[in-house]
>>> print(open('protein_9.txt').read())   # compact mmCIF, C-alpha atoms
# COMPACT_ATOMS: atom_id res chain seq x y z
CA MET A 1 0.00 0.00 0.00
CA ARG A 2 3.01 2.32 -0.55
CA TRP A 3 1.05 4.17 -3.25
CA LEU A 4 -1.67 4.94 -0.68
CA ARG A 5 0.84 6.37 1.83
CA ARG A 6 2.44 8.46 -0.93
CA THR A 7 -1.00 9.75 -1.95
CA TRP A 8 -1.83 10.65 1.66
CA ALA A 9 1.49 12.42 2.18
CA ALA A 10 1.04 14.45 -0.97
CA LEU A 11 -2.22 16.03 0.20
CA PRO A 12 -1.94 19.73 1.08
CA ARG A 13 -1.81 20.77 4.71
CA LEU A 14 -4.76 23.09 5.30
CA GLY A 15 -4.17 24.37 8.84
CA PRO A 16 -1.46 25.70 11.12
CA PRO A 17 0.92 23.30 12.85
CA GLY A 18 -0.48 21.37 15.76
CA VAL A 19 -4.02 21.05 14.40
CA VAL A 20 -5.67 17.66 15.17
CA TRP A 21 -5.51 14.99 12.44
CA ALA A 22 -1.96 15.99 11.60
CA ASN A 23 -3.05 19.21 9.94
CA ARG A 24 -5.31 17.39 7.48
CA SER A 25 -8.88 18.62 7.33
CA TRP A 26 -12.01 16.50 6.76
CA LEU A 27 -11.97 17.85 3.22
CA ALA A 28 -8.54 16.40 2.66
CA MET A 29 -9.70 13.01 3.94
CA GLY A 30 -12.64 13.10 1.54
CA VAL A 31 -10.28 13.78 -1.35
CA ALA A 32 -8.15 10.82 -0.30
CA VAL A 33 -11.11 8.45 -0.14
CA GLY A 34 -12.25 9.59 -3.55
CA ILE A 35 -8.81 8.95 -5.05
CA VAL A 36 -8.65 5.49 -3.47
CA LEU A 37 -12.08 4.47 -4.78
CA THR A 38 -11.23 5.75 -8.24
CA ILE A 39 -8.04 3.72 -8.34
CA LEU A 40 -9.83 0.59 -7.12
CA PHE A 41 -12.57 0.75 -9.73
CA THR A 42 -10.18 1.53 -12.59
CA ASN A 43 -7.89 -1.35 -11.67
CA GLY A 44 -10.43 -4.17 -12.09
CA VAL A 45 -11.53 -4.71 -8.47
CA GLN A 46 -15.26 -4.44 -9.30
CA PRO A 47 -16.04 -8.16 -8.68
CA LEU A 48 -15.41 -7.49 -4.97
CA PHE A 49 -18.44 -5.21 -4.95
CA ARG A 50 -21.00 -7.02 -7.13
CA GLU A 51 -22.04 -10.53 -8.05
CA SER A 52 -20.19 -12.24 -10.86
CA THR A 53 -22.00 -12.59 -14.17
CA GLU A 54 -19.89 -15.53 -15.35
CA TRP A 55 -21.85 -18.74 -16.05
CA GLU A 56 -21.09 -21.67 -13.78
CA LYS A 57 -19.64 -24.71 -15.55
CA GLY A 58 -21.14 -28.19 -15.45
CA LYS A 59 -24.26 -30.10 -16.51
CA LEU A 60 -27.69 -28.49 -16.23
CA VAL A 61 -30.62 -30.82 -15.43
CA VAL A 62 -34.13 -29.90 -16.62
CA LEU A 63 -36.96 -31.82 -14.94
CA SER A 64 -39.95 -32.05 -17.30
CA GLY A 65 -42.93 -34.01 -18.50
CA ARG A 66 -42.74 -35.97 -21.74
CA ASP A 67 -41.96 -34.00 -24.89
CA GLN A 68 -45.20 -34.05 -26.90
CA SER A 69 -43.90 -31.97 -29.79
CA ASP A 70 -43.59 -33.45 -33.27
CA GLY A 71 -40.12 -34.89 -33.76
CA GLY A 72 -39.00 -34.20 -30.19
CA GLN A 73 -38.21 -30.52 -30.78
CA ARG A 74 -37.48 -29.79 -27.12
CA SER A 75 -34.67 -32.33 -27.22
CA ALA A 76 -33.50 -30.86 -30.51
CA LEU A 77 -33.17 -27.44 -28.88
CA ILE A 78 -31.19 -28.95 -26.01
CA LYS A 79 -28.81 -30.54 -28.52
CA GLN A 80 -28.37 -27.15 -30.19
CA TRP A 81 -27.62 -25.53 -26.84
CA ASN A 82 -25.08 -28.24 -26.00
CA ALA A 83 -23.31 -27.78 -29.31
CA GLU A 84 -22.98 -24.05 -28.69
CA HIS A 85 -22.17 -24.30 -24.95
CA PRO A 86 -20.01 -27.42 -24.38
CA GLU A 87 -18.97 -26.25 -20.91
CA HIS A 88 -22.63 -25.91 -19.84
CA PRO A 89 -24.37 -29.00 -21.29
CA ALA A 90 -28.06 -29.57 -20.51
CA GLU A 91 -30.10 -32.73 -20.09
CA ILE A 92 -33.88 -33.20 -19.95
CA VAL A 93 -35.11 -35.74 -17.40
CA GLU A 94 -38.66 -36.75 -18.32
CA LEU A 95 -41.35 -37.73 -15.81
CA PRO A 96 -44.68 -39.58 -16.23
CA VAL A 97 -47.11 -38.08 -18.74
CA GLU A 98 -50.03 -37.75 -16.30
CA ALA A 99 -50.02 -34.28 -14.75
CA ASP A 100 -50.62 -35.27 -11.13
CA GLY A 101 -47.75 -37.76 -11.31
CA GLN A 102 -45.43 -35.08 -12.70
CA ARG A 103 -46.31 -32.63 -9.95
CA SER A 104 -45.82 -35.15 -7.13
CA GLU A 105 -42.42 -36.19 -8.45
CA MET A 106 -41.28 -32.60 -8.96
CA VAL A 107 -42.32 -31.64 -5.44
CA ALA A 108 -40.41 -34.64 -4.07
CA ARG A 109 -37.28 -33.71 -6.06
CA ALA A 110 -37.54 -30.06 -4.96
CA LYS A 111 -37.71 -31.05 -1.29
CA GLU A 112 -34.50 -33.08 -1.57
CA LYS A 113 -32.46 -29.84 -1.68
CA THR A 114 -29.54 -31.68 -3.22
CA GLY A 115 -29.02 -29.31 -6.12
CA ALA A 116 -29.54 -32.20 -8.54
CA VAL A 117 -32.19 -30.24 -10.49
CA ASP A 118 -31.43 -26.86 -12.04
CA VAL A 119 -34.60 -26.10 -14.01
CA PHE A 120 -38.23 -27.16 -13.52
CA ASN A 121 -40.58 -27.26 -16.52
CA LEU A 122 -43.79 -26.52 -14.62
CA ASP A 123 -47.42 -26.61 -15.60
CA VAL A 124 -48.74 -23.07 -15.50
CA THR A 125 -50.88 -23.90 -12.43
CA TRP A 126 -47.87 -25.01 -10.36
CA THR A 127 -45.80 -21.82 -10.49
CA ALA A 128 -47.53 -20.29 -7.44
CA GLU A 129 -47.15 -23.48 -5.40
CA PHE A 130 -43.44 -23.91 -6.13
CA ALA A 131 -42.71 -20.22 -5.53
CA HIS A 132 -44.69 -20.14 -2.28
CA SER A 133 -42.90 -23.26 -1.02
CA GLY A 134 -39.46 -21.77 -1.61
CA HIS A 135 -38.56 -24.18 -4.40
CA LEU A 136 -37.78 -21.49 -7.00
CA ARG A 137 -35.25 -18.71 -7.45
CA PRO A 138 -36.76 -15.42 -8.71
CA LEU A 139 -35.54 -14.19 -12.08
CA SER A 140 -33.76 -10.86 -12.38
CA THR A 141 -32.58 -8.63 -15.22
CA VAL A 142 -34.67 -10.53 -17.75
CA ASP A 143 -36.01 -8.89 -20.91
CA THR A 144 -39.68 -9.93 -21.03
CA SER A 145 -40.65 -7.81 -24.04
CA GLY A 146 -42.15 -9.83 -26.87
CA PHE A 147 -43.90 -12.45 -24.74
CA LEU A 148 -47.66 -12.78 -25.02
CA ARG A 149 -49.40 -11.15 -22.05
CA ARG A 150 -51.31 -14.12 -20.66
CA PRO A 151 -48.46 -16.68 -20.74
CA LEU A 152 -46.13 -14.18 -19.08
CA GLU A 153 -48.77 -13.43 -16.44
CA SER A 154 -48.77 -17.11 -15.47
CA CYS A 155 -45.06 -16.77 -14.58
CA ARG A 156 -45.65 -14.20 -11.83
CA TYR A 157 -46.73 -14.75 -8.26
CA GLN A 158 -47.25 -11.94 -5.76
CA GLY A 159 -45.68 -9.48 -8.17
CA VAL A 160 -42.45 -11.44 -8.62
CA LEU A 161 -41.28 -13.07 -11.88
CA TRP A 162 -40.43 -16.71 -11.15
CA ALA A 163 -40.31 -18.26 -14.62
CA LEU A 164 -40.46 -17.69 -18.37
CA PRO A 165 -43.18 -19.25 -20.57
CA PHE A 166 -41.85 -22.24 -22.53
CA ASN A 167 -44.99 -23.07 -24.50
CA THR A 168 -48.60 -22.03 -24.15
CA ASP A 169 -52.00 -23.51 -25.01
CA ALA A 170 -55.68 -22.66 -25.39
CA GLY A 171 -58.71 -24.82 -26.03
CA LEU A 172 -60.37 -24.75 -29.46
CA LEU A 173 -63.73 -25.89 -30.80
CA PHE A 174 -63.45 -28.46 -33.60
CA TYR A 175 -66.44 -29.20 -35.85
CA ARG A 176 -67.28 -31.26 -38.91
CA LYS A 177 -67.59 -29.09 -42.01
CA ASP A 178 -70.15 -31.41 -43.59
CA LEU A 179 -72.55 -30.96 -40.66
CA VAL A 180 -71.92 -27.43 -39.34
CA GLN A 181 -72.26 -24.39 -41.58
CA GLU A 182 -71.21 -21.56 -39.20
CA ASP A 183 -69.26 -21.03 -36.01
CA PRO A 184 -71.43 -21.32 -32.88
CA LEU A 185 -71.29 -18.23 -30.70
CA GLU A 186 -73.10 -19.58 -27.63
CA LEU A 187 -73.77 -22.91 -25.96
CA ASP A 188 -77.36 -22.73 -27.18
CA ASP A 189 -76.05 -22.63 -30.76
CA ILE A 190 -74.27 -25.93 -30.15
CA THR A 191 -77.52 -27.36 -28.79
CA LYS A 192 -79.58 -26.20 -31.76
CA THR A 193 -77.08 -27.40 -34.36
CA SER A 194 -76.55 -30.72 -32.59
CA THR A 195 -80.30 -31.34 -32.39
CA ARG A 196 -80.73 -30.52 -36.06
CA VAL A 197 -77.92 -32.69 -37.38
CA LEU A 198 -78.84 -35.62 -35.13
CA ARG A 199 -82.32 -35.59 -36.63
CA ALA A 200 -81.38 -34.90 -40.24
CA SER A 201 -78.02 -36.58 -40.80
CA GLN A 202 -77.86 -39.93 -42.57
CA ASP A 203 -74.48 -40.66 -40.99
CA THR A 204 -75.16 -43.69 -38.80
CA ARG A 205 -71.91 -43.15 -36.90
CA LEU A 206 -73.20 -39.90 -35.39
CA THR A 207 -74.42 -40.54 -31.82
CA ALA A 208 -74.14 -37.12 -30.12
CA GLY A 209 -73.51 -33.48 -30.86
CA TYR A 210 -70.64 -32.43 -28.62
CA ALA A 211 -67.85 -33.95 -26.53
CA GLY A 212 -65.31 -32.61 -24.09
CA GLN A 213 -63.07 -34.08 -21.42
CA LEU A 214 -65.24 -34.86 -18.39
CA ALA A 215 -63.35 -37.70 -16.73
CA ASP A 216 -62.23 -37.12 -13.14
CA TYR A 217 -58.87 -35.43 -13.77
CA GLU A 218 -57.71 -31.91 -14.60
CA GLY A 219 -59.61 -32.10 -17.89
CA LEU A 220 -62.91 -31.91 -15.99
CA THR A 221 -61.73 -28.78 -14.15
CA VAL A 222 -60.74 -27.12 -17.43
CA ASN A 223 -63.92 -28.05 -19.31
CA ALA A 224 -66.22 -27.01 -16.45
CA LEU A 225 -64.52 -23.64 -16.04
CA GLU A 226 -64.80 -22.95 -19.78
CA LEU A 227 -68.51 -23.85 -19.88
CA ILE A 228 -69.21 -21.63 -16.87
CA TRP A 229 -67.29 -18.76 -18.45
CA ALA A 230 -69.23 -19.28 -21.69
CA GLU A 231 -72.42 -18.46 -19.78
CA LYS A 232 -70.75 -15.36 -18.25
CA GLY A 233 -70.58 -17.09 -14.87
CA ASP A 234 -67.51 -17.46 -12.67
CA VAL A 235 -66.03 -19.61 -9.94
CA VAL A 236 -63.32 -17.39 -8.42
CA ASP A 237 -63.35 -13.65 -9.18
CA GLU A 238 -60.37 -11.33 -9.68
CA THR A 239 -60.10 -10.65 -5.95
CA GLY A 240 -59.81 -14.35 -5.13
CA LYS A 241 -63.34 -14.68 -3.76
CA VAL A 242 -65.37 -17.80 -4.58
CA VAL A 243 -68.51 -16.74 -6.49
CA ILE A 244 -69.73 -20.05 -7.91
CA ASP A 245 -73.20 -19.75 -6.34
CA SER A 246 -74.90 -17.84 -9.17
CA GLU A 247 -77.66 -18.42 -11.69
CA ARG A 248 -75.24 -18.13 -14.62
CA THR A 249 -73.08 -20.91 -13.21
CA ARG A 250 -76.12 -23.11 -12.60
CA ARG A 251 -77.29 -22.49 -16.16
CA ALA A 252 -73.97 -23.75 -17.56
CA LEU A 253 -74.06 -26.84 -15.36
CA ARG A 254 -77.69 -27.54 -16.29
CA TRP A 255 -76.72 -27.29 -19.96
CA LEU A 256 -74.10 -29.97 -19.42
CA ALA A 257 -76.22 -32.21 -17.19
CA ASP A 258 -79.25 -32.04 -19.49
CA GLY A 259 -77.09 -32.53 -22.57
CA LEU A 260 -75.80 -35.87 -21.32
CA ARG A 261 -79.31 -37.35 -21.27
CA GLY A 262 -81.58 -38.67 -23.98
CA GLU A 263 -81.58 -41.28 -26.72
CA ARG A 264 -79.50 -39.07 -29.01
CA PRO A 265 -77.93 -36.65 -26.52
CA VAL A 266 -76.37 -33.26 -27.24
CA VAL A 267 -73.32 -34.22 -25.12
CA LEU A 268 -71.67 -37.59 -25.64
CA PRO A 269 -72.31 -39.61 -22.42
CA GLU A 270 -68.92 -41.33 -22.77
CA SER A 271 -67.35 -37.90 -22.21
CA ARG A 272 -67.59 -38.54 -18.49
CA GLU A 273 -64.92 -41.19 -18.92
CA GLN A 274 -62.86 -39.51 -21.63
CA SER A 275 -59.50 -37.74 -21.78
CA GLU A 276 -58.20 -35.68 -24.71
CA GLN A 277 -57.05 -38.72 -26.65
CA LEU A 278 -60.37 -40.55 -26.38
CA THR A 279 -62.35 -37.45 -27.36
CA THR A 280 -60.13 -37.02 -30.42
CA GLN A 281 -60.78 -40.65 -31.36
CA ALA A 282 -64.56 -40.18 -31.01
CA PHE A 283 -64.40 -37.17 -33.33
CA ARG A 284 -62.23 -39.06 -35.83
CA ASP A 285 -64.70 -41.96 -35.75
CA GLY A 286 -67.57 -39.63 -36.70
CA LYS A 287 -69.47 -40.02 -33.41
CA ILE A 288 -69.78 -36.28 -32.72
CA ALA A 289 -70.20 -33.03 -34.64
CA PHE A 290 -68.36 -30.76 -32.15
CA MET A 291 -65.31 -31.31 -29.97
CA ARG A 292 -63.55 -29.20 -27.36
CA ASN A 293 -59.83 -29.99 -27.35
CA TRP A 294 -56.31 -28.56 -27.28
CA PRO A 295 -54.55 -27.66 -30.57
CA VAL A 296 -52.52 -30.89 -30.45
CA ALA A 297 -55.69 -32.63 -31.68
CA HIS A 298 -55.40 -30.67 -34.93
CA ARG A 299 -52.06 -32.29 -35.70
CA ILE A 300 -53.46 -35.74 -34.96
CA LEU A 301 -56.61 -35.26 -37.03
CA GLN A 302 -54.71 -33.67 -39.92
CA GLY A 303 -52.36 -36.63 -40.04
CA ASN A 304 -55.28 -39.10 -40.13
CA GLN A 305 -57.67 -37.09 -42.26
CA ASP A 306 -57.71 -39.36 -45.30
CA GLU A 307 -59.80 -42.51 -45.37
CA SER A 308 -58.19 -45.34 -43.44
CA ALA A 309 -59.26 -48.66 -41.95
CA GLY A 310 -62.59 -48.38 -43.73
CA ARG A 311 -63.45 -45.03 -42.13
CA PRO A 312 -64.61 -42.20 -44.40
CA ARG A 313 -62.59 -38.99 -44.58
CA ILE A 314 -63.32 -36.38 -41.90
CA ASP A 315 -63.25 -32.73 -43.01
CA PHE A 316 -63.10 -30.40 -40.05
CA GLU A 317 -62.61 -26.79 -39.06
CA VAL A 318 -61.57 -25.07 -35.83
CA THR A 319 -62.78 -21.91 -34.15
CA GLN A 320 -62.65 -20.33 -30.71
CA LEU A 321 -64.75 -21.69 -27.91
CA THR A 322 -68.05 -19.98 -27.15
CA GLY A 323 -66.33 -18.34 -24.15
CA PRO A 324 -62.76 -17.80 -22.91
CA SER A 325 -60.45 -20.79 -22.88
CA VAL A 326 -58.46 -21.88 -19.88
CA LEU A 327 -54.80 -20.98 -20.44
CA GLY A 328 -52.57 -24.03 -20.70
CA GLY A 329 -48.85 -24.48 -21.16
CA GLN A 330 -45.58 -24.87 -19.24
CA ASN A 331 -43.14 -22.45 -17.61
CA LEU A 332 -39.39 -22.79 -17.07
CA ALA A 333 -38.15 -21.89 -13.57
CA ILE A 334 -34.81 -22.13 -11.77
CA SER A 335 -34.60 -24.46 -8.78
CA ALA A 336 -33.76 -22.67 -5.52
CA THR A 337 -31.13 -25.34 -4.82
CA SER A 338 -29.37 -25.10 -8.19
CA THR A 339 -25.63 -24.52 -7.89
CA LYS A 340 -25.57 -23.04 -11.39
CA PRO A 341 -28.29 -20.35 -11.37
CA ARG A 342 -26.67 -18.01 -13.89
CA ALA A 343 -26.09 -20.78 -16.42
CA ALA A 344 -29.63 -22.05 -15.76
CA GLN A 345 -31.11 -18.63 -16.47
CA ALA A 346 -29.13 -18.41 -19.70
CA LEU A 347 -30.56 -21.80 -20.74
CA ILE A 348 -34.11 -20.66 -19.93
CA GLU A 349 -33.67 -17.48 -21.96
CA PHE A 350 -32.36 -19.53 -24.88
CA LEU A 351 -35.29 -21.99 -24.81
CA THR A 352 -37.86 -19.19 -24.64
CA GLY A 353 -36.14 -16.91 -27.16
CA PRO A 354 -37.77 -15.99 -30.50
CA ARG A 355 -35.83 -18.51 -32.59
CA SER A 356 -36.49 -21.40 -30.20
CA GLN A 357 -40.18 -20.51 -30.03
CA GLN A 358 -40.31 -20.47 -33.83
CA ILE A 359 -38.85 -23.99 -33.97
CA LEU A 360 -41.18 -25.34 -31.26
CA PHE A 361 -44.26 -24.14 -33.15
CA GLU A 362 -43.15 -24.50 -36.77
CA ARG A 363 -41.63 -27.96 -36.43
CA GLY A 364 -43.11 -29.23 -33.17
CA GLY A 365 -46.63 -27.81 -33.16
CA LEU A 366 -46.34 -26.40 -29.62
CA ALA A 367 -48.02 -23.00 -29.34
CA ALA A 368 -45.41 -20.25 -29.13
CA THR A 369 -45.29 -17.79 -26.24
CA ARG A 370 -43.96 -14.90 -28.36
CA GLY A 371 -46.23 -12.84 -30.59
CA ILE A 372 -43.72 -12.41 -33.42
CA VAL A 373 -43.85 -16.14 -34.23
CA TYR A 374 -47.50 -15.89 -35.30
CA GLN A 375 -46.58 -13.26 -37.89
CA ASP A 376 -44.34 -15.65 -39.84
CA SER A 377 -45.73 -16.73 -43.21
CA ARG A 378 -44.49 -20.31 -42.79
CA ILE A 379 -46.47 -20.64 -39.57
CA ALA A 380 -49.62 -19.46 -41.34
CA THR A 381 -49.03 -21.99 -44.12
CA GLN A 382 -48.17 -25.00 -41.98
CA HIS A 383 -50.62 -24.20 -39.18
CA PRO A 384 -53.64 -22.46 -40.76
CA TYR A 385 -55.36 -22.31 -37.37
CA ALA A 386 -52.53 -20.16 -35.94
CA GLY A 387 -54.50 -16.93 -36.10
CA THR A 388 -57.46 -18.51 -34.33
CA LEU A 389 -55.13 -19.97 -31.72
CA LEU A 390 -53.48 -16.60 -31.11
CA ASP A 391 -56.90 -15.01 -30.55
CA ALA A 392 -57.81 -17.82 -28.15
CA ILE A 393 -54.57 -17.36 -26.18
CA GLU A 394 -55.06 -13.62 -25.92
CA ASP A 395 -58.66 -14.14 -24.70
CA ALA A 396 -57.74 -17.01 -22.35
CA ARG A 397 -58.01 -16.88 -18.56
CA LEU A 398 -55.78 -18.31 -15.88
CA ARG A 399 -57.09 -20.88 -13.47
CA PRO A 400 -57.21 -19.60 -9.86
CA VAL A 401 -53.69 -18.57 -8.81
CA THR A 402 -53.04 -20.20 -5.45
CA PRO A 403 -50.26 -22.30 -3.87
CA TYR A 404 -52.98 -24.84 -3.15
CA TYR A 405 -54.30 -25.17 -6.69
CA SER A 406 -54.14 -28.98 -6.70
CA ARG A 407 -56.38 -29.10 -3.63
CA PHE A 408 -58.78 -26.56 -5.17
CA SER A 409 -59.01 -28.55 -8.42
CA ASP A 410 -59.85 -31.74 -6.52
CA GLU A 411 -62.62 -29.97 -4.59
CA PHE A 412 -63.96 -28.23 -7.68
CA ARG A 413 -64.26 -31.52 -9.56
CA ALA A 414 -66.23 -32.96 -6.64
CA VAL A 415 -68.65 -30.03 -6.95
CA ILE A 416 -69.02 -30.56 -10.70
CA ARG A 417 -69.57 -34.31 -10.37
CA TYR A 418 -72.33 -33.62 -7.86
CA ALA A 419 -73.92 -31.08 -10.23
CA LEU A 420 -73.90 -33.53 -13.16
CA ASP A 421 -75.69 -36.11 -11.01
CA HIS A 422 -78.23 -33.57 -9.66
CA ASP A 423 -79.54 -31.69 -12.72
CA GLY A 424 -76.89 -28.99 -12.47
CA ALA A 425 -77.57 -28.13 -8.82
CA LEU A 426 -74.68 -27.20 -6.53
CA PRO A 427 -74.01 -28.94 -3.22
CA GLY A 428 -74.99 -26.79 -0.26
CA ASN A 429 -71.41 -26.30 0.94
CA ALA A 430 -69.86 -25.55 -2.47
CA GLU A 431 -68.63 -22.04 -1.70
CA GLN A 432 -67.31 -22.94 1.76
CA ALA A 433 -65.49 -26.03 0.48
CA LEU A 434 -63.88 -24.19 -2.44
CA THR A 435 -62.87 -21.25 -0.24
CA ALA A 436 -61.21 -23.60 2.22
CA ALA A 437 -59.38 -25.39 -0.60
CA LEU A 438 -58.10 -22.09 -2.07
CA GLN A 439 -56.65 -21.25 1.35
CA GLY A 440 -55.08 -24.65 1.83
CA ARG A 441 -57.57 -25.78 4.48
>>> encode(input="protein_9.txt", output="structure tokens")
Amino acid sequence: MRWLRRTWAALPRLGPPGVVWANRSWLAMGVAVGIVLTILFTNGVQPLFRESTEWEKGKLVVLSGRDQSDGGQRSALIKQWNAEHPEHPAEIVELPVEADGQRSEMVARAKEKTGAVDVFNLDVTWTAEFAHSGHLRPLSTVDTSGFLRRPLESCRYQGVLWALPFNTDAGLLFYRKDLVQEDPLELDDITKTSTRVLRASQDTRLTAGYAGQLADYEGLTVNALELIWAEKGDVVDETGKVVIDSERTRRALRWLADGLRGERPVVLPESREQSEQLTTQAFRDGKIAFMRNWPVAHRILQGNQDESAGRPRIDFEVTQLTGPSVLGGQNLAISATSTKPRAAQALIEFLTGPRSQQILFERGGLAATRGIVYQDSRIATQHPYAGTLLDAIEDARLRPVTPYYSRFSDEFRAVIRYALDHDGALPGNAEQALTAALQGR
């Protein structure tokens, strides 16, 4: 520190001999401190005062559900990342397809606190739970411009950004072009058209008008919410209050309960046991005129559109649902126990960047989370429903945001099952039970 002593000695003496502080005034001391700080910051000592921005080396583990994109495009993006960043290779560890199984396993891995997982690929409904439980690291200094509003909203909890949207989703209404001449705007339009075609059609395969996913899993929660919203009803309002006990909600549930009855019902009775795959098969087999499903069904139906196995060709069209869709999709978040958070954030930003989103949609069929992708001419050519899907995403609504969403969904499905068995009526304790579930009680 000889240079410091020389600097101190060179300062002017501002008072007569014998003054305290060896004739150096407070002003002189301030000048000295300023010189010292200037020298420190111009000689590369900044890392002592702020966190390093260098990426940590080593493998990054992404915990995720199964890649349902065409051609495994998520894995393709990971391979591209690895080729460009050999010191920070990434690996996707896939979990069971069924959503509840994925969540349970992710929660178990998060509680281990071993640092073995760096990134979670979460369903949009799990972000609040994982953030509330301390399993995630908040994101900082991230450019979020360009993301669609709703998908990005699902990445926040209590005003903090915890994730970036990897892919998004919104339900669509599929219908047979040979039976339906115009898009239905209300549930009553589906009823009227279904009744007409069931009476007039010569297609012996046709057994019902409409089908959704009404089996006892998350599909029932999604379908019930969408039907209630279609009738301008609600279950949980913007303030977090349960408001299911309304005439509009009962009207939607009566529509569903009544539609399941009859010799040639408006709603396919087998829907109560069906998932997305089985509903798609019923539509492909000509059993129904309308189908609520996710966009992935479009890829499946398009690939099997021509006559096969003795089944006539199915010409179909897609439009928006008669009300808002539930927002679907997955978000990428950094594990709180990751030992490589900066490298993990770089990986997340790469996977959610414009080019990666283009690949996921264009080649994989997964709905992009960035608006610019939907403006590409190749997307419009390869996925002619892209404009309709974008509108559906922008109009979509989030399911109730709560750390106890899984508990709420279980309780909500119990309410809906009761309503379907009791002419659309709600159980007497519906609001109290749902309120308790939202609060984790």
>>> closest_atom_pairs(input="protein_9.txt", of="range 384-428 of chain A", to="range 142-164 of chain A", cutoff="12 Å", atoms="only C-alpha atoms", output="CSV")
residue,atom,partner,partner_atom,distance
A:Leu390,CA,A:Leu148,CA,9.2
A:Asp391,CA,A:Leu148,CA,11.0
A:Ala392,CA,A:Arg150,CA,10.6
A:Ile393,CA,A:Arg150,CA,7.2
A:Glu394,CA,A:Arg150,CA,6.5
A:Asp395,CA,A:Arg150,CA,8.4
A:Ala396,CA,A:Arg150,CA,7.2
A:Arg397,CA,A:Arg150,CA,7.5
A:Leu398,CA,A:Ser154,CA,7.1
A:Arg399,CA,A:Ser154,CA,9.4
A:Pro400,CA,A:Ser154,CA,10.4
A:Val401,CA,A:Tyr157,CA,8.0
A:Thr402,CA,A:Tyr157,CA,8.8
A:Pro403,CA,A:Tyr157,CA,9.4
>>> atom_distance(input="protein_9.txt", atom1="CA of Thr193 in chain A", atom2="CA of Leu227 in chain A")
17.2 Å
>>> atom_distance(input="protein_9.txt", atom1="CA of Arg176 in chain A", atom2="CA of Phe316 in chain A")
4.4 Å
>>> residues_around(input="protein_9.txt", residues="His298 in chain A", least_positions_apart="3", cutoff="9 Å", atoms="all atoms listed in the file", output="list in words")
Phe174, Asn293, Trp294, Pro295, Leu301, Gln302, Gly303, Val318 and Tyr385 of chain A
>>> atom_distance(input="protein_9.txt", atom1="CA of Thr168 in chain A", atom2="CA of Asp123 in chain A")
9.8 Å
>>> residues_near_point(input="protein_9.txt", point="(-74.7, -33.6, -18.0)", cutoff="8 Å", atoms="all atoms listed in the file", output="JSON, numbers by chain")
{"A": [253, 254, 255, 256, 257, 258, 259, 260, 261, 267, 269, 420, 421, 423, 424]}
>>> write_last_selection(input="protein_9.txt", atoms="C-alpha atoms", output="PDB file, keeping the file's coordinate frame")
ATOM      1  CA  LEU A 253     -74.060 -26.840 -15.360  1.00  0.00           C
ATOM      2  CA  ARG A 254     -77.690 -27.540 -16.290  1.00  0.00           C
ATOM      3  CA  TRP A 255     -76.720 -27.290 -19.960  1.00  0.00           C
ATOM      4  CA  LEU A 256     -74.100 -29.970 -19.420  1.00  0.00           C
ATOM      5  CA  ALA A 257     -76.220 -32.210 -17.190  1.00  0.00           C
ATOM      6  CA  ASP A 258     -79.250 -32.040 -19.490  1.00  0.00           C
ATOM      7  CA  GLY A 259     -77.090 -32.530 -22.570  1.00  0.00           C
ATOM      8  CA  LEU A 260     -75.800 -35.870 -21.320  1.00  0.00           C
ATOM      9  CA  ARG A 261     -79.310 -37.350 -21.270  1.00  0.00           C
ATOM     10  CA  VAL A 267     -73.320 -34.220 -25.120  1.00  0.00           C
ATOM     11  CA  PRO A 269     -72.310 -39.610 -22.420  1.00  0.00           C
ATOM     12  CA  LEU A 420     -73.900 -33.530 -13.160  1.00  0.00           C
ATOM     13  CA  ASP A 421     -75.690 -36.110 -11.010  1.00  0.00           C
ATOM     14  CA  ASP A 423     -79.540 -31.690 -12.720  1.00  0.00           C
ATOM     15  CA  GLY A 424     -76.890 -28.990 -12.470  1.00  0.00           C
TER      16      GLY A 424
END
>>> residues_around(input="protein_9.txt", residues="range 229-238 of chain A", least_positions_apart="4", cutoff="8 Å", atoms="all atoms listed in the file", output="ChimeraX atom specification")
/A:186-187,225,242-244,246-249,251-252,322-324,400
>>> write_last_selection(input="protein_9.txt", atoms="C-alpha atoms", output="mmCIF file, keeping the file's coordinate frame")
data_model
loop_
_atom_site.group_PDB
_atom_site.id
_atom_site.type_symbol
_atom_site.label_atom_id
_atom_site.label_comp_id
_atom_site.auth_asym_id
_atom_site.auth_seq_id
_atom_site.Cartn_x
_atom_site.Cartn_y
_atom_site.Cartn_z
ATOM 1 C CA GLU A 186 -73.100 -19.580 -27.630
ATOM 2 C CA LEU A 187 -73.770 -22.910 -25.960
ATOM 3 C CA LEU A 225 -64.520 -23.640 -16.040
ATOM 4 C CA VAL A 242 -65.370 -17.800 -4.580
ATOM 5 C CA VAL A 243 -68.510 -16.740 -6.490
ATOM 6 C CA ILE A 244 -69.730 -20.050 -7.910
ATOM 7 C CA SER A 246 -74.900 -17.840 -9.170
ATOM 8 C CA GLU A 247 -77.660 -18.420 -11.690
ATOM 9 C CA ARG A 248 -75.240 -18.130 -14.620
ATOM 10 C CA THR A 249 -73.080 -20.910 -13.210
ATOM 11 C CA ARG A 251 -77.290 -22.490 -16.160
ATOM 12 C CA ALA A 252 -73.970 -23.750 -17.560
ATOM 13 C CA THR A 322 -68.050 -19.980 -27.150
ATOM 14 C CA GLY A 323 -66.330 -18.340 -24.150
ATOM 15 C CA PRO A 324 -62.760 -17.800 -22.910
ATOM 16 C CA PRO A 400 -57.210 -19.600 -9.860
#
>>> closest_residue(input="protein_9.txt", among="A:Met106, A:Ile78, A:Leu366, A:Leu206", to="Gly328 in chain A", atoms="all atoms listed in the file")
A:Leu366
